[in-house]
Amino acid sequence: MIQYEVNRLNHDTARNPHPSHPHHHDAKGFVRAVEHASEERGLRLTPLRKEVLELIATAHKPVKAYDLLDQLREKHGNAAPPTVYRALDFLLENGFIHKLESINAFVSCHHPAEAHQVPFLICDTCASAQEVCDERVAELIEAQARAFGFRPQAQTLEVHGTCRHCRKD
Ligand SMILES: [Zn+2]
Ligand SMILES: [Zn+2]
């Protein structure tokens, strides 16, 4: 099991509970992993797509589309919204990022090599988001849906609360 923690208050990678597993806490390593996965899958990671990915990866917390647009405009002067949204769609479709519907923001996925759906724990105090990397949760929902004769298309499970760093008790 791999745990990915995005937290602007504490970037202490020494807390990695599973040091034997590869981690992409550093944005560069993550972008390299996505480049590698894109090559293997024959996907075109264009300069803009890569740049959007880098911005999301270095944000250390979920980032909104208009913040990405602002950052791109600062660098390039002109960045049209549709191009940014298309880049986000590409990254989402291929499982390189996740969209957190409840806060309308994007986070990089810790497992760019595999498409997956995972629940997220979202801290309402520091706005960090953490993937719950336990496939049993998704499988359970899938099984329950099937039992009701329901065919699931997407799972969006977002748990709001206070993270361990923000808790005062
Ligand atoms: Zn993920
Ligand atoms: Zn927090």
# chains A, B, ... in the order shown; residues from 1 in each chain; ligands from 1
>>> residues_near_ligand(ligand="ligand 2", cutoff="9 Å", atoms="only C-alpha atoms and all ligand atoms", output="ChimeraX atom specification")
/A:7-9,122-129,161-167
>>> residues_near_ligand(ligand="ligand 1", cutoff="6 Å", atoms="only C-alpha atoms and all ligand atoms", output="tab-separated table (two decimals) with all heavy atoms, in the first residue's frame")
chain	number	residue	atom	x	y	z
A	109	CYS	N	-2.02	12.43	-9.05
A	109	CYS	CA	-2.26	11.08	-8.56
A	109	CYS	C	-0.93	10.43	-8.23
A	109	CYS	O	0.04	10.58	-8.95
A	109	CYS	CB	-2.97	10.24	-9.61
A	109	CYS	SG	-3.16	8.53	-9.07
A	110	HIS	N	-0.93	9.70	-7.14
A	110	HIS	CA	0.32	9.10	-6.73
A	110	HIS	C	0.70	7.88	-7.56
A	110	HIS	O	1.83	7.42	-7.53
A	110	HIS	CB	0.28	8.75	-5.25
A	110	HIS	CG	1.59	8.29	-4.75
A	110	HIS	ND1	2.74	9.01	-4.96
A	110	HIS	CD2	1.96	7.17	-4.11
A	110	HIS	CE1	3.75	8.36	-4.44
A	110	HIS	NE2	3.31	7.23	-3.92
A	111	HIS	N	-0.24	7.34	-8.29
A	111	HIS	CA	0.05	6.12	-9.05
A	111	HIS	C	-0.24	6.36	-10.52
A	111	HIS	O	-1.22	5.84	-11.05
A	111	HIS	CB	-0.81	4.95	-8.56
A	111	HIS	CG	-1.10	5.02	-7.10
A	111	HIS	ND1	-2.15	5.72	-6.59
A	111	HIS	CD2	-0.45	4.48	-6.05
A	111	HIS	CE1	-2.15	5.60	-5.28
A	111	HIS	NE2	-1.14	4.87	-4.92
>>> select_by_dssp(residues="chain A", states="strand (DSSP E or B)", output="ChimeraX atom specification")
/A:5-6,63,97-100,105-108,120-123,129-131,158-161
>>> residues_around(residues="His116 (chain A)", least_positions_apart="2", cutoff="8 Å", atoms="only C-alpha atoms", output="PDB file with all heavy atoms, in the first residue's frame")
ATOM      1  N   GLY A  95      -5.611   9.299 -15.811  1.00  0.00           N
ATOM      2  CA  GLY A  95      -5.363   8.922 -14.417  1.00  0.00           C
ATOM      3  C   GLY A  95      -4.132   9.558 -13.793  1.00  0.00           C
ATOM      4  O   GLY A  95      -3.636   9.087 -12.776  1.00  0.00           O
ATOM      5  N   GLU A 114      -1.261   3.514 -13.192  1.00  0.00           N
ATOM      6  CA  GLU A 114      -2.504   2.749 -13.181  1.00  0.00           C
ATOM      7  C   GLU A 114      -3.695   3.667 -12.940  1.00  0.00           C
ATOM      8  O   GLU A 114      -3.648   4.546 -12.086  1.00  0.00           O
ATOM      9  CB  GLU A 114      -2.450   1.687 -12.073  1.00  0.00           C
ATOM     10  CG  GLU A 114      -2.072   2.285 -10.734  1.00  0.00           C
ATOM     11  CD  GLU A 114      -2.049   1.276  -9.601  1.00  0.00           C
ATOM     12  OE1 GLU A 114      -3.118   1.017  -9.030  1.00  0.00           O
ATOM     13  OE2 GLU A 114      -0.973   0.779  -9.283  1.00  0.00           O
ATOM     14  N   VAL A 118     -10.097   6.286  -6.002  1.00  0.00           N
ATOM     15  CA  VAL A 118      -9.863   6.154  -4.568  1.00  0.00           C
ATOM     16  C   VAL A 118     -10.589   7.262  -3.817  1.00  0.00           C
ATOM     17  O   VAL A 118     -10.799   8.349  -4.338  1.00  0.00           O
ATOM     18  CB  VAL A 118      -8.360   6.247  -4.222  1.00  0.00           C
ATOM     19  CG1 VAL A 118      -7.598   5.048  -4.737  1.00  0.00           C
ATOM     20  CG2 VAL A 118      -7.757   7.534  -4.737  1.00  0.00           C
TER      21      VAL A 118
END
>>> residues_around(residues="Ala105 (chain A)", least_positions_apart="5", cutoff="6 Å", atoms="only C-alpha atoms", output="number ranges by chain")
A: 62-64, 99-100
>>> select_by_dssp(residues="region 52-156 of chain A", states="helix (DSSP H, G or I)", output="PyMOL selection string")
chain A and resi 52-58+65-76+81-93+135-147
>>> write_last_selection(atoms="N, CA and C atoms", output="CSV table (one decimal), in the first residue's frame")
chain,number,residue,atom,x,y,z
A,52,VAL,N,1.0,22.1,-17.1
A,52,VAL,CA,-0.2,22.0,-16.2
A,52,VAL,C,0.1,21.0,-15.1
A,53,LEU,N,0.6,19.8,-15.5
A,53,LEU,CA,0.9,18.7,-14.6
A,53,LEU,C,1.9,19.2,-13.5
A,54,GLU,N,2.9,19.9,-14.0
A,54,GLU,CA,4.0,20.4,-13.0
A,54,GLU,C,3.4,21.4,-12.0
A,55,LEU,N,2.5,22.2,-12.5
A,55,LEU,CA,1.9,23.2,-11.6
A,55,LEU,C,1.1,22.5,-10.5
A,56,ILE,N,0.3,21.5,-10.9
A,56,ILE,CA,-0.5,20.7,-10.0
A,56,ILE,C,0.4,20.0,-9.0
A,57,ALA,N,1.5,19.4,-9.5
A,57,ALA,CA,2.4,18.6,-8.7
A,57,ALA,C,3.1,19.4,-7.7
A,58,THR,N,3.5,20.6,-8.0
A,58,THR,CA,4.2,21.5,-7.1
A,58,THR,C,3.4,22.2,-6.2
A,65,ALA,N,-8.8,25.3,-11.3
A,65,ALA,CA,-8.5,25.6,-12.7
A,65,ALA,C,-8.1,27.0,-12.9
A,66,TYR,N,-8.8,27.9,-12.3
A,66,TYR,CA,-8.5,29.4,-12.5
A,66,TYR,C,-7.2,29.8,-11.9
A,67,ASP,N,-6.7,29.1,-10.9
A,67,ASP,CA,-5.4,29.3,-10.3
A,67,ASP,C,-4.3,28.9,-11.3
A,68,LEU,N,-4.6,27.8,-12.0
A,68,LEU,CA,-3.6,27.3,-13.0
A,68,LEU,C,-3.6,28.3,-14.2
A,69,LEU,N,-4.7,28.8,-14.5
A,69,LEU,CA,-4.8,29.8,-15.6
A,69,LEU,C,-4.0,31.0,-15.3
A,70,ASP,N,-4.2,31.5,-14.0
A,70,ASP,CA,-3.5,32.7,-13.6
A,70,ASP,C,-2.0,32.4,-13.7
A,71,GLN,N,-1.5,31.3,-13.2
A,71,GLN,CA,-0.1,31.0,-13.2
A,71,GLN,C,0.5,30.9,-14.6
A,72,LEU,N,-0.3,30.3,-15.5
A,72,LEU,CA,0.2,30.2,-16.9
A,72,LEU,C,0.2,31.6,-17.5
A,73,ARG,N,-0.7,32.4,-17.2
A,73,ARG,CA,-0.8,33.8,-17.8
A,73,ARG,C,0.4,34.6,-17.3
A,74,GLU,N,0.8,34.4,-16.0
A,74,GLU,CA,1.9,35.1,-15.4
A,74,GLU,C,3.2,34.7,-16.2
A,75,LYS,N,3.3,33.5,-16.6
A,75,LYS,CA,4.5,33.0,-17.3
A,75,LYS,C,4.5,33.3,-18.8
A,76,HIS,N,3.3,33.2,-19.4
A,76,HIS,CA,3.3,33.3,-20.9
A,76,HIS,C,2.5,34.5,-21.4
A,81,PRO,N,-8.4,29.8,-21.6
A,81,PRO,CA,-9.1,28.8,-20.8
A,81,PRO,C,-9.3,27.4,-21.4
A,82,PRO,N,-9.8,27.4,-22.7
A,82,PRO,CA,-10.1,26.1,-23.3
A,82,PRO,C,-8.9,25.2,-23.3
A,83,THR,N,-7.7,25.7,-23.6
A,83,THR,CA,-6.5,24.9,-23.7
A,83,THR,C,-6.1,24.3,-22.4
A,84,VAL,N,-6.3,25.1,-21.3
A,84,VAL,CA,-6.1,24.6,-20.0
A,84,VAL,C,-7.1,23.5,-19.6
A,85,TYR,N,-8.3,23.7,-19.9
A,85,TYR,CA,-9.3,22.7,-19.6
A,85,TYR,C,-9.1,21.4,-20.4
A,86,ARG,N,-8.6,21.6,-21.6
A,86,ARG,CA,-8.3,20.4,-22.4
A,86,ARG,C,-7.1,19.6,-21.8
A,87,ALA,N,-6.1,20.4,-21.4
A,87,ALA,CA,-5.0,19.7,-20.7
A,87,ALA,C,-5.4,19.0,-19.5
A,88,LEU,N,-6.3,19.6,-18.7
A,88,LEU,CA,-6.8,19.0,-17.5
A,88,LEU,C,-7.6,17.7,-17.8
A,89,ASP,N,-8.4,17.8,-18.9
A,89,ASP,CA,-9.2,16.6,-19.3
A,89,ASP,C,-8.2,15.4,-19.7
A,90,PHE,N,-7.2,15.8,-20.4
A,90,PHE,CA,-6.2,14.7,-20.8
A,90,PHE,C,-5.6,14.1,-19.6
A,91,LEU,N,-5.2,14.9,-18.6
A,91,LEU,CA,-4.5,14.4,-17.4
A,91,LEU,C,-5.5,13.6,-16.6
A,92,LEU,N,-6.8,14.0,-16.5
A,92,LEU,CA,-7.8,13.3,-15.8
A,92,LEU,C,-8.1,11.9,-16.4
A,93,GLU,N,-8.3,12.0,-17.7
A,93,GLU,CA,-8.7,10.8,-18.5
A,93,GLU,C,-7.6,9.7,-18.3
A,135,GLU,N,-7.9,-0.5,-2.0
A,135,GLU,CA,-8.8,-0.9,-3.1
A,135,GLU,C,-10.1,-1.5,-2.5
A,136,ARG,N,-10.1,-2.0,-1.3
A,136,ARG,CA,-11.3,-2.6,-0.8
A,136,ARG,C,-12.5,-1.6,-0.7
A,137,VAL,N,-12.2,-0.3,-0.5
A,137,VAL,CA,-13.3,0.6,-0.5
A,137,VAL,C,-14.0,0.7,-1.8
A,138,ALA,N,-13.2,0.9,-2.9
A,138,ALA,CA,-13.8,0.9,-4.2
A,138,ALA,C,-14.5,-0.4,-4.6
A,139,GLU,N,-13.9,-1.5,-4.2
A,139,GLU,CA,-14.5,-2.8,-4.5
A,139,GLU,C,-15.8,-3.0,-3.8
A,140,LEU,N,-15.9,-2.5,-2.5
A,140,LEU,CA,-17.1,-2.7,-1.8
A,140,LEU,C,-18.3,-1.9,-2.4
A,141,ILE,N,-17.9,-0.6,-2.8
A,141,ILE,CA,-19.0,0.2,-3.4
A,141,ILE,C,-19.4,-0.4,-4.7
A,142,GLU,N,-18.5,-0.9,-5.5
A,142,GLU,CA,-18.8,-1.6,-6.8
A,142,GLU,C,-19.7,-2.8,-6.5
A,143,ALA,N,-19.4,-3.6,-5.5
A,143,ALA,CA,-20.2,-4.8,-5.2
A,143,ALA,C,-21.6,-4.4,-4.8
A,144,GLN,N,-21.7,-3.4,-3.9
A,144,GLN,CA,-23.0,-2.9,-3.5
A,144,GLN,C,-23.8,-2.4,-4.6
A,145,ALA,N,-23.2,-1.6,-5.5
A,145,ALA,CA,-23.9,-1.1,-6.7
A,145,ALA,C,-24.4,-2.2,-7.5
A,146,ARG,N,-23.6,-3.2,-7.8
A,146,ARG,CA,-24.0,-4.4,-8.6
A,146,ARG,C,-25.2,-5.1,-7.9
A,147,ALA,N,-25.2,-5.2,-6.6
A,147,ALA,CA,-26.3,-5.9,-5.9
A,147,ALA,C,-27.6,-5.1,-6.1
>>> atom_distance(atom1="CA of Pro112 (chain A)", atom2="CA of Ala37 (chain A)")
6.9 Å
>>> atom_distance(atom1="CA of Arg32 (chain A)", atom2="CA of Glu158 (chain A)")
27.7 Å
>>> atom_distance(atom1="CA of Thr156 (chain A)", atom2="CA of Asn94 (chain A)")
16.4 Å
